[in-house]
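The block underneath contains the structure these notes are about, expressed in structure tokens.
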Amino acid sequence: MPLGDFVDRVMEIIELIADKPAGMKVSEIAQQLDIPKSAAHRMLNTLSQRGFVVQDEMSQRYCMTVKLAAVGLRFLSASGTSDICQPSLDRLARHTGELVRLAVVHGNGLLWIAKAQGSSSPLRYDPYLGNPVDLHSTSVGKAWLVTLDEEVAVALVKSKGFKTTVGSGRPIAHDEASLRAELEVTRKRGYGVSIEEGELGTSAMAQAIIVGRDLVAVGVISIAGPAARLTRERMAEFAPVLDTIALEIADLWPAREIVNLVNGNHRENVATR
């Protein structure tokens with residue numbers, strides 16, 4: 001197997017078992033990725049030797065370790081992205097009493113990287129840190145999509161599909177027409193809104209973080225909480241402070257070289273579409 005294909009398959013294995021906390025057997029992995037069992041075993045052995053996966057002796061299932069997450073957190077710590085933004089997140093969380101989250105643009109999507117919990121209630125909403133964001137059904141996704149050319153935004157959502165990967169909500173955008181309509185509403189409002197779309201019982205609002213002369217969105221900040229408490233009226237009250245914090249984070253954002261590193265080749269990818 002060529003080295004490039006081997007690397008691709010290894011990454012596919014990582015992405016596959018990352019969503020399986022109970023782990024997977026070699027045969028299951030080989031079947032889902034349509035590769036020989038021997039090849040899957042060889043790749044898993046490599047990952048195991050590097051400490052990224054571990055095999056349970058009883059079930060013979062392979063599970064992810066926390067090493068990959070640790071590597072990602074080391075990068076974020078080194079880049080200063082979360083450290084620089086955390087005080088702003090904490091202040092917004094205290095002001096609203098809700099969960100505040102930060103997602104960064106990564107490739108052709110968004111990844112959650114930081115949070116601040118403002119509520120003292122035992123009912124807490126934890127973000128799926130390190131996981132990609134559903135673009136069409138979250139306030140964060142909508143806030144970012146409206147910063148892009150609409151045709152690019154629609155193409156990104158269609159490439160991923162109109163379904164939620166987590167939660168059991170009721171997305172407003174379920175096809176191209178409803179997506180375009182929702183993006184238009186979001187543009188006019190000035191911030192993204194999601195009410196029980198990604199997960200029943202939860203609401204969220206979000207604002208993009210725009211930096212540089214070319215006005216590129218490098219991330220999105222959001223406020224999330226129970227739908228009964230975080231109503232549209234309360235969102236309207238929070239909108240000015242959310243906008244202020246988004247501008248503050250934009251001013252504090254790491255050096256341009258670090259932003260480009262965090263974003264990968266996002267701008268080039270969009271430009272070539």
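Following the order of the structure tokens, chains are lettered A, B, ..., residues in each are numbered from 1, and ligands are numbered from 1.
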
Would you kindly return, as JSON, numbers by chain, each protein, DNA or RNA residue with an atom no farther than 7 Å from any atom of Ser139 of chain A, considering only C-alpha atoms and excluding same-chain residues fewer than 6 positions away? {"A": [192, 193, 194, 204, 205, 206]}

Skipping near chain neighbours, those fewer than 5 positions away, what residues fall within 8 Å of segment 223-227 of chain A using only C-alpha atoms, listed as a VMD selection string? chain A and resid 93 98 to 101 125 195 to 196 201 to 206

Of the listed residues A:Leu230, A:Val146, A:Val220, A:Asp56, that which approaches Lys188 of chain A most closely, counting only C-alpha atoms: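 Using only C-alpha atoms, the shortest distance to Lys188 of chain A belongs to A:Val146.
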
Counting only C-alpha atoms, which residue out of A:His106, A:Arg229, A:Lys163, A:Arg187 sits closest to Ser137 of chain A?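 With only C-alpha atoms as the atom set, the closest residue is A:Lys163.
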
Please identify which residues in segment 115-215 of chain A DSSP calls helix (DSSP H, G or I) from the backbone, and express them as a PyMOL selection string. chain A and resi 139-145+150-160+176-189

Of the listed residues A:Asp243, A:Glu237, A:Glu151, A:Glu176, that which approaches Gly190 of chain A most closely, counting only C-alpha atoms: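 Closest to Gly190 of chain A of all the choices is A:Asp243.
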
For segment 42-49 of chain A: contacts at 10 Å, only C-alpha atoms, fewer than 3 positions along chain excluded, given as a list in words: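 After dropping sequence-adjacent residues, the list is Phe6, Val7, Arg9, Val10, Met11, Ile13, Ile14, Val26, Ile29, Lys37, Ser38, Ala39, Phe52, Val53, Val54, Gln55, Tyr62, Cys63, Met64 and Thr65 of chain A.
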
For Leu145 of chain A, which residue out of A:Leu242, A:Ala250, A:Ile84, A:Leu179 is the nearest one, using only C-alpha atoms?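 Checking each of A:Leu242, A:Ala250, A:Ile84, A:Leu179 against Leu145 of chain A, counting only C-alpha atoms, the winner is A:Leu179.
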
Identify, on the basis of only C-alpha atoms, every residue whose closest approach to Ile209 of chain A does not exceed 10 Å; exclude the query and any residue fewer than 4 positions from it along the same chain; express the result as a list in words. Leu102, Ala103, Val104, Val105, Ala143, Trp144, Thr147, Leu215, Val216, Ala217, Val218, Gly219, Val220, Ile221, Asp243, Ile245, Ala246, Leu247, Glu248, Ile249, Ala250, Asp251 and Trp253 of chain A

For a quick check of understanding, using only C-alpha atoms, which of A:Thr186, A:Leu92, A:Glu12, A:Asp19 has the smallest distance to Ile35 of chain A?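 That would be A:Glu12, the residue with the smallest distance to Ile35 of chain A.
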